[in-house]
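Chemist: After the structure tokens below, expect a handful of questions from me.
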Amino acid sequence: MTECNMRRDERVETPVAEGSTNETRKVRVIEVKESVFHQNDVEAEALRAELSQKGVFMMNVMSSPGSGKTTALCALVNRLKEHLRIGVMDVDIETSLDASCVAEATGVKSLQIHNGGLCHIDAEMTKRAIDAFGVEDLDLVILENIGNLVCPAEFDTGSHMSMMLLSVPEGDDKPLKYPLMFSVCDLIVISKIDTLEFFDFSLEKATANIRALNPNATILTISAKTGEGMDVLADYVMKRVKG
Amino acid sequence: MHELGVTFYVIKDVKKIAEDNNVYKVDSVTLEIGQVSGVIHEQLQDCWKWAIKKEPIMDCAKLLIEEIPAVTFCENCKKTYATVPQGKICPHCGSDRTYLTQGNEFNIKEIEVLDQPHEVILSEE
């Protein structure tokens, strides 16, 4: 029998070997009692401190796939780039589409991160990306996270602020379905409001659903396409960066 | 998939603990998982079986899961209740000023390790 096949319950009944030997296996218990996310939290805290010391503000942007993150970010960056030195890091499973899109539309420094198929990016991965990107000459780093409302909410990236986008076509009940994401963000932006007339999306319901989970969140509405609400968003981000 | 991501986290932590403690093999890993932490146990087991094969120090380790029940506290009537299936609204007084006190955990409780392949004890007779 291989080591592998000798399971706990089988061991109990392992017959005493014939003759003068008695084969036993000694199992030792190591108490751990630690959250699986503990190490990530430590690394995130260290990265946040390092960035603050360098005078760099990092903003983590999360949403579902297709909520218009890249378009909204391009519109935001174009409003801020005259006042702030900005860099954008795009995380995706495949392709460099987002990073080249941002670079083309805004002209700011951008980096595409391929995270090897994982569902999120954590503090250690963010730190490696930051080191490769070089942030000394920047005021604001925007981390465009993987389009996903589950996993990125669990992992502190080391950013100073978390923003999420909820687009009108996704529905006003999204906060009920993905409570953690809506609980951990400082800023929740309802996007694509130019499409409100085509969808059964109630701004009141969405706001109430978000408030129930996260009473302190700032809620803004935008349309990156028409520009509605973009100046208010830009002002908000500017204020946060300037501290 | 969320379960795969967290599996790598558990493996990374356990591997470090095992190496720090000079163990030969990890025999089992016990996790404490909150009832509303959003982790699906069956999927976690599947990810575990696949992912540990790449780690010689724990390639046979069994994953044991202890579930922590979700409990919500009501700020209005100061009572607690089982979160599942009531949810956010307090069943005692109807208030929504409630918060989760436990049930969102994702902890490594303990690991069982072998310090050597096996031990042969010579009988005294």
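Residues in the structure tokens are named by chain (A, B, ... in the order shown) and by number from 1 within that chain; ligands are numbered from 1 in the order shown.
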Using only C-alpha atoms, determine which residues lie at most 10 Å from A:Tyr178, disregarding the query and same-chain residues fewer than 5 positions distant; provide the list as a list of chain:residue names.

Modeler: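 Answer for this query is A:Leu149, A:Val150, A:Ala153, A:Asp173, A:Ser183.
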
Chemist: Up to 10 Å from chain A, what residues of chain B turn up? Count only C-alpha atoms and give them as an MDAnalysis selection string.

Modeler: chainID B and resid 1:14 17:18 21 23 25:33 37:38 58:62 88 96:99 105:125

Chemist: Selected residues, C-alpha atoms, written as a short mmCIF file (atom, residue, chain, number, x, y, z; two decimals), in the first residue's frame, please.

Modeler:
```cif
data_model
loop_
_atom_site.label_atom_id
_atom_site.label_comp_id
_atom_site.auth_asym_id
_atom_site.auth_seq_id
_atom_site.Cartn_x
_atom_site.Cartn_y
_atom_site.Cartn_z
CA MET B 1 -13.88 29.89 -10.51
CA HIS B 2 -13.67 31.14 -6.97
CA GLU B 3 -12.93 27.78 -5.33
CA LEU B 4 -9.78 27.25 -7.38
CA GLY B 5 -8.38 30.63 -6.39
CA VAL B 6 -8.92 30.02 -2.69
CA THR B 7 -7.54 26.48 -2.99
CA PHE B 8 -4.21 27.94 -4.14
CA TYR B 9 -4.27 30.22 -1.12
CA VAL B 10 -4.78 27.32 1.28
CA ILE B 11 -2.04 25.31 -0.43
CA LYS B 12 0.42 28.20 -0.28
CA ASP B 13 -0.18 28.67 3.46
CA VAL B 14 -0.10 24.97 4.32
CA ILE B 17 3.70 25.85 7.58
CA ALA B 18 4.80 22.35 6.60
CA ASN B 21 7.96 22.69 10.69
CA VAL B 23 7.43 17.80 8.18
CA LYS B 25 4.11 14.91 4.54
CA VAL B 26 0.88 16.71 5.29
CA ASP B 27 -1.73 14.13 6.17
CA SER B 28 -4.80 16.33 6.44
CA VAL B 29 -5.86 19.96 6.45
CA THR B 30 -8.88 21.12 8.45
CA LEU B 31 -10.65 24.27 7.32
CA GLU B 32 -13.32 26.25 9.15
CA ILE B 33 -15.71 27.61 6.59
CA SER B 37 -18.81 32.52 3.06
CA GLY B 38 -19.91 31.57 -0.43
CA MET B 58 0.96 17.39 0.47
CA ASP B 59 0.04 15.32 -2.56
CA CYS B 60 -2.04 12.88 -0.50
CA ALA B 61 -3.45 15.32 2.03
CA LYS B 62 -7.10 14.99 2.88
CA LYS B 88 -31.19 40.44 6.90
CA ASP B 96 -33.16 45.53 9.20
CA ARG B 97 -30.50 46.99 11.49
CA THR B 98 -28.75 43.68 11.72
CA TYR B 99 -25.26 42.41 11.11
CA GLU B 105 -15.02 32.64 8.06
CA PHE B 106 -12.47 30.99 5.86
CA ASN B 107 -9.79 29.74 8.24
CA ILE B 108 -7.19 27.03 8.32
CA LYS B 109 -7.89 25.45 11.70
CA GLU B 110 -5.15 22.85 11.88
CA ILE B 111 -3.07 20.47 9.84
CA GLU B 112 -2.07 16.92 10.62
CA VAL B 113 1.43 15.98 9.56
CA LEU B 114 3.73 13.00 9.39
CA ASP B 115 7.30 13.64 10.48
CA GLN B 116 8.68 10.57 8.70
CA PRO B 117 7.44 7.95 6.24
CA HIS B 118 6.46 5.46 8.90
CA GLU B 119 7.92 4.01 12.04
CA VAL B 120 8.71 0.44 12.77
CA ILE B 121 8.64 -0.32 16.47
CA LEU B 122 10.33 -3.50 17.53
CA SER B 123 8.15 -5.43 19.90
CA GLU B 124 9.56 -5.95 23.38
CA GLU B 125 9.00 -9.66 23.23
#
```

Chemist: For each of A:Thr195, A:Thr226, A:Thr218, A:Ser110, take the minimum atom-to-atom distance to A:Val135, counting only C-alpha atoms, then give the residue where this is smallest.

Modeler: A:Ser110

Chemist: Can you list, as a PyMOL selection string, all residues belonging to chain B that DSSP tags as strand (DSSP E or B)?

Modeler: chain B and resi 25-34+62-68+71-74+80-82+98-102+106-114+119-122

Chemist: I'd like the contact shell of B:Cys90 - 12 Å cut-off, only C-alpha atoms, skipping same-chain residues fewer than 2 positions apart - returned as a list in words.

Modeler: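 Here the qualifying residues turn out to be Val71, Thr72, Phe73, Cys74, Glu75, Asn76, Cys77, Lys78, Lys79, Thr80, Tyr81, Ala82, Thr83, Val84, Pro85, Gln86, Gly87, Lys88, His92, Cys93, Gly94, Ser95, Asp96, Arg97, Thr98, Tyr99 and Leu100 of chain B.
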
Chemist: Restricted to N, CA and C atoms, what would the selected residues look like written as a CSV table (one decimal), in the first residue's frame?

Modeler:
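Listing of part-v4.csv after writing:
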```
chain,number,residue,atom,x,y,z
B,71,VAL,N,-24.7,33.4,12.1
B,71,VAL,CA,-25.5,34.0,13.1
B,71,VAL,C,-25.6,35.5,12.9
B,72,THR,N,-26.8,36.1,13.0
B,72,THR,CA,-26.9,37.5,12.8
B,72,THR,C,-27.4,38.2,14.1
B,73,PHE,N,-26.9,39.3,14.4
B,73,PHE,CA,-27.3,40.1,15.6
B,73,PHE,C,-28.2,41.3,15.2
B,74,CYS,N,-29.3,41.5,16.0
B,74,CYS,CA,-30.1,42.6,15.7
B,74,CYS,C,-29.8,43.7,16.6
B,75,GLU,N,-29.5,44.9,16.1
B,75,GLU,CA,-29.2,46.0,16.9
B,75,GLU,C,-30.4,46.6,17.6
B,76,ASN,N,-31.5,46.4,17.0
B,76,ASN,CA,-32.8,46.9,17.5
B,76,ASN,C,-33.3,46.2,18.8
B,77,CYS,N,-33.4,44.9,18.7
B,77,CYS,CA,-33.9,44.1,19.8
B,77,CYS,C,-32.8,43.4,20.6
B,78,LYS,N,-31.6,43.5,20.1
B,78,LYS,CA,-30.4,42.9,20.8
B,78,LYS,C,-30.4,41.4,20.8
B,79,LYS,N,-31.2,40.8,19.9
B,79,LYS,CA,-31.3,39.3,19.9
B,79,LYS,C,-30.5,38.8,18.7
B,80,THR,N,-30.1,37.5,18.8
B,80,THR,CA,-29.4,36.9,17.6
B,80,THR,C,-30.4,35.9,17.0
B,81,TYR,N,-30.1,35.6,15.8
B,81,TYR,CA,-30.9,34.5,15.1
B,81,TYR,C,-30.0,33.9,14.0
B,82,ALA,N,-30.5,32.7,13.6
B,82,ALA,CA,-29.8,32.0,12.5
B,82,ALA,C,-30.0,32.7,11.2
B,83,THR,N,-28.9,33.1,10.6
B,83,THR,CA,-29.0,33.9,9.4
B,83,THR,C,-29.7,33.2,8.2
B,84,VAL,N,-29.4,31.9,8.1
B,84,VAL,CA,-30.1,31.1,7.1
B,84,VAL,C,-31.3,30.4,7.8
B,85,PRO,N,-32.5,30.6,7.3
B,85,PRO,CA,-32.9,31.2,6.1
B,85,PRO,C,-33.5,32.6,6.3
B,86,GLN,N,-33.4,33.2,7.5
B,86,GLN,CA,-34.1,34.5,7.7
B,86,GLN,C,-33.5,35.6,6.8
B,87,GLY,N,-32.2,35.7,6.8
B,87,GLY,CA,-31.5,36.8,6.0
B,87,GLY,C,-31.4,38.0,6.9
B,88,LYS,N,-31.5,39.2,6.3
B,88,LYS,CA,-31.2,40.4,6.9
B,88,LYS,C,-32.3,41.0,7.9
B,92,HIS,N,-37.5,38.4,15.1
B,92,HIS,CA,-38.1,38.8,16.4
B,92,HIS,C,-38.8,40.1,16.3
B,93,CYS,N,-38.2,41.1,15.6
B,93,CYS,CA,-38.8,42.5,15.7
B,93,CYS,C,-39.0,43.1,14.3
B,94,GLY,N,-38.5,42.5,13.2
B,94,GLY,CA,-38.7,43.0,11.9
B,94,GLY,C,-37.7,44.1,11.5
B,95,SER,N,-36.7,44.3,12.3
B,95,SER,CA,-35.8,45.4,12.0
B,95,SER,C,-34.8,44.9,10.9
B,96,ASP,N,-34.2,45.9,10.2
B,96,ASP,CA,-33.2,45.5,9.2
B,96,ASP,C,-31.8,46.0,9.7
B,97,ARG,N,-31.8,46.5,10.9
B,97,ARG,CA,-30.5,47.0,11.5
B,97,ARG,C,-29.8,45.8,12.1
B,98,THR,N,-29.3,44.9,11.3
B,98,THR,CA,-28.7,43.7,11.7
B,98,THR,C,-27.4,43.5,11.1
B,99,TYR,N,-26.5,42.8,11.7
B,99,TYR,CA,-25.3,42.4,11.1
B,99,TYR,C,-24.8,41.0,11.5
B,100,LEU,N,-24.0,40.5,10.6
B,100,LEU,CA,-23.5,39.1,10.8
B,100,LEU,C,-22.4,39.1,11.9
```

Chemist: Would you mind writing down, as a ChimeraX atom specification, each residue of stretch 105-185 of chain A that DSSP on the backbone assigns to helix (DSSP H, G or I)?

Modeler: /A:105-106,123-133,151-154,168-170,174-177,179-184

Chemist: Pick out the residues sitting within 7 Å of A:Ser63, and hand them over as a ChimeraX atom specification; count only C-alpha atoms, and ignore anything fewer than 4 positions along from it in its own chain.

Modeler: /A:67,147-149,164-166

Chemist: Write the selection just made, keeping N, CA and C atoms, as an mmCIF file, in the first residue's frame?

Modeler:
```
data_model
loop_
_atom_site.group_PDB
_atom_site.id
_atom_site.type_symbol
_atom_site.label_atom_id
_atom_site.label_comp_id
_atom_site.auth_asym_id
_atom_site.auth_seq_id
_atom_site.Cartn_x
_atom_site.Cartn_y
_atom_site.Cartn_z
ATOM 1 N N SER A 67 -19.580 45.624 -18.251
ATOM 2 C CA SER A 67 -20.332 46.719 -17.634
ATOM 3 C C SER A 67 -19.834 48.075 -18.130
ATOM 4 N N GLY A 147 -13.103 41.320 -14.692
ATOM 5 C CA GLY A 147 -14.560 41.465 -14.674
ATOM 6 C C GLY A 147 -15.189 40.284 -13.947
ATOM 7 N N ASN A 148 -15.602 40.523 -12.698
ATOM 8 C CA ASN A 148 -16.083 39.419 -11.852
ATOM 9 C C ASN A 148 -16.578 40.061 -10.560
ATOM 10 N N LEU A 149 -17.754 39.677 -10.090
ATOM 11 C CA LEU A 149 -18.293 40.309 -8.878
ATOM 12 C C LEU A 149 -18.098 39.460 -7.626
ATOM 13 N N MET A 164 -16.727 50.315 -7.803
ATOM 14 C CA MET A 164 -17.332 49.306 -8.671
ATOM 15 C C MET A 164 -18.352 49.936 -9.578
ATOM 16 N N LEU A 165 -18.501 49.322 -10.746
ATOM 17 C CA LEU A 165 -19.486 49.799 -11.704
ATOM 18 C C LEU A 165 -20.643 48.816 -11.772
ATOM 19 N N LEU A 166 -21.845 49.360 -11.727
ATOM 20 C CA LEU A 166 -23.045 48.560 -11.933
ATOM 21 C C LEU A 166 -23.736 49.191 -13.137
#
```

Chemist: Report the distance between atom CA of A:Asp200 and atom CA of A:Met163 in Å, rounded to one decimal place.

Modeler: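 Those two atoms sit 24.0 Å apart.
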
Chemist: Can you pull out the residues contacting A:Lys192? Cut-off 7 Å, using only C-alpha atoms, and skip same-chain residues under 2 positions away; I want them as an mmCIF file with all heavy atoms, in the first residue's frame.

Modeler:
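Okay, around-v1.cif is ready:
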```
data_model
loop_
_atom_site.group_PDB
_atom_site.id
_atom_site.type_symbol
_atom_site.label_atom_id
_atom_site.label_comp_id
_atom_site.auth_asym_id
_atom_site.auth_seq_id
_atom_site.Cartn_x
_atom_site.Cartn_y
_atom_site.Cartn_z
ATOM 1 N N SER A 167 -23.815 48.447 -14.240
ATOM 2 C CA SER A 167 -24.422 49.051 -15.425
ATOM 3 C C SER A 167 -25.922 48.768 -15.453
ATOM 4 O O SER A 167 -26.379 47.727 -14.966
ATOM 5 C CB SER A 167 -23.749 48.539 -16.694
ATOM 6 O OG SER A 167 -24.036 47.181 -16.879
ATOM 7 N N VAL A 168 -26.657 49.708 -15.988
ATOM 8 C CA VAL A 168 -28.121 49.621 -16.019
ATOM 9 C C VAL A 168 -28.633 48.281 -16.590
ATOM 10 O O VAL A 168 -29.525 47.664 -15.995
ATOM 11 C CB VAL A 168 -28.694 50.849 -16.778
ATOM 12 C CG1 VAL A 168 -30.154 50.645 -17.135
ATOM 13 C CG2 VAL A 168 -28.517 52.105 -15.925
ATOM 14 N N ASP A 194 -27.630 56.329 -19.863
ATOM 15 C CA ASP A 194 -28.311 56.747 -21.095
ATOM 16 C C ASP A 194 -29.250 55.647 -21.603
ATOM 17 O O ASP A 194 -30.083 55.893 -22.470
ATOM 18 C CB ASP A 194 -27.285 57.100 -22.180
ATOM 19 C CG ASP A 194 -26.281 55.976 -22.422
ATOM 20 O OD1 ASP A 194 -25.564 55.611 -21.456
ATOM 21 O OD2 ASP A 194 -26.230 55.448 -23.539
ATOM 22 N N THR A 195 -29.132 54.414 -21.048
ATOM 23 C CA THR A 195 -30.004 53.316 -21.503
ATOM 24 C C THR A 195 -31.184 53.086 -20.558
ATOM 25 O O THR A 195 -31.932 52.125 -20.729
ATOM 26 C CB THR A 195 -29.215 51.987 -21.617
ATOM 27 O OG1 THR A 195 -28.826 51.572 -20.293
ATOM 28 C CG2 THR A 195 -27.976 52.128 -22.476
ATOM 29 N N ILE A 222 -23.466 57.675 -14.033
ATOM 30 C CA ILE A 222 -22.746 58.218 -15.194
ATOM 31 C C ILE A 222 -23.222 57.601 -16.510
ATOM 32 O O ILE A 222 -23.823 56.514 -16.522
ATOM 33 C CB ILE A 222 -21.213 57.972 -15.118
ATOM 34 C CG1 ILE A 222 -20.898 56.456 -15.099
ATOM 35 C CG2 ILE A 222 -20.587 58.661 -13.934
ATOM 36 C CD1 ILE A 222 -19.493 56.105 -15.531
ATOM 37 N N SER A 223 -22.927 58.287 -17.576
ATOM 38 C CA SER A 223 -22.938 57.672 -18.898
ATOM 39 C C SER A 223 -21.639 58.110 -19.564
ATOM 40 O O SER A 223 -21.446 59.293 -19.835
ATOM 41 C CB SER A 223 -24.132 58.146 -19.731
ATOM 42 O OG SER A 223 -23.884 57.832 -21.093
ATOM 43 N N ALA A 224 -20.750 57.144 -19.795
ATOM 44 C CA ALA A 224 -19.470 57.477 -20.421
ATOM 45 C C ALA A 224 -19.715 57.916 -21.864
ATOM 46 O O ALA A 224 -18.955 58.685 -22.432
ATOM 47 C CB ALA A 224 -18.530 56.284 -20.381
#
```

Chemist: Using only C-alpha atoms, which residue out of A:Thr126, A:Thr71, A:Asn78, A:Thr106 lies closest to A:Ala234?

Modeler: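 For A:Ala234, the nearest of the candidates is A:Asn78.
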